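Please read the structure below before turning to the comments.
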Amino acid sequence: LGENIQTIRKHRGMKQQELADKIGINMQSLSKIERGVNYPTFDTLEKIMDVLGVTPNELLSGEWKYIDHTEPYIMDIIKREQDFNVSLDYLSENEFFNDEKECRFYKAYKLIQYIHNYITNEVTELEELMEI
């Protein structure tokens, strides 16, 4: 239990003193809990779970899906952006367009389409971004 508390606290970028202050105990008591010397009271355990943002099962088992619950959302945005950028890298203005202005217009149109699909939660395949 103590090791799980320490691991999650560190992943949250939180110092021992900060967590101790937020849950209302001194740093030495928290240190003993994290080292497994002492066990927290039920009240303290509830406060730890609340501050660290984990469920009892996640804290006790040491198995949590996401250290930060915004991680899946951020990873989805990054993946979609990477897919979009890769598709634009393969779009050569010299091969398909008469001039740079036409190429820029097409890329802007595709970007608008991509943003619309993202907002409406539609998946944009790479092939859809390169219809030419």
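Just remember, in the structure tokens the first chain shown is A, the second B, etc., residues are 1-based per chain, and ligands are 1-based in the order shown.
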
For this session: Could you give me, as a PyMOL selection string, the residues within 8 Å of stretch 16-26 of chain A, counting only C-alpha atoms and dropping anything in the same chain fewer than 3 positions from it?
Result: chain A and resi 9+29-31+44+47-48+51

For the selection you just gave me, I'd like the residues written to a file as a short mmCIF file (atom, residue, chain, number, x, y, z; two decimals), in the first residue's frame, keeping N, CA, C and O atoms.
```cif
data_model
loop_
_atom_site.label_atom_id
_atom_site.label_comp_id
_atom_site.auth_asym_id
_atom_site.auth_seq_id
_atom_site.Cartn_x
_atom_site.Cartn_y
_atom_site.Cartn_z
N ARG A 9 1.97 9.27 -6.00
CA ARG A 9 2.33 10.64 -5.60
C ARG A 9 3.43 11.19 -6.49
O ARG A 9 3.35 12.32 -6.98
N SER A 29 4.79 11.12 9.35
CA SER A 29 3.74 10.10 9.35
C SER A 29 3.52 9.55 7.94
O SER A 29 3.39 8.35 7.75
N LEU A 30 3.51 10.45 6.97
CA LEU A 30 3.34 10.01 5.58
C LEU A 30 4.53 9.16 5.15
O LEU A 30 4.36 8.14 4.48
N SER A 31 5.72 9.55 5.54
CA SER A 31 6.91 8.79 5.20
C SER A 31 6.82 7.37 5.75
O SER A 31 7.16 6.39 5.06
N THR A 44 -7.60 8.78 6.90
CA THR A 44 -6.41 9.24 6.16
C THR A 44 -6.35 8.57 4.80
O THR A 44 -6.03 9.21 3.79
N LYS A 47 -8.65 10.30 2.43
CA LYS A 47 -8.09 11.59 2.01
C LYS A 47 -6.99 11.38 0.97
O LYS A 47 -6.90 12.13 -0.02
N ILE A 48 -6.15 10.37 1.16
CA ILE A 48 -5.08 10.07 0.20
C ILE A 48 -5.68 9.74 -1.17
O ILE A 48 -5.25 10.26 -2.19
N VAL A 51 -7.10 12.98 -2.79
CA VAL A 51 -6.06 13.89 -3.28
C VAL A 51 -5.35 13.31 -4.49
O VAL A 51 -5.07 14.02 -5.46
#
```

For this session: Please indicate the distance in Å from atom CA of A:Thr41 to atom CA of A:Arg12, rounded to one decimal place.
Result: 22.3 Å

Exercise. Please, what distance in Å, to one decimal, runs between atom CA of A:Lys32 and atom CA of A:Glu3?
Worked result: 10.7 Å

Exercise. Suppose you want the space between atom CA of A:Phe105 and atom CA of A:Ile119; what is it in Å?
Worked result: 21.1 Å
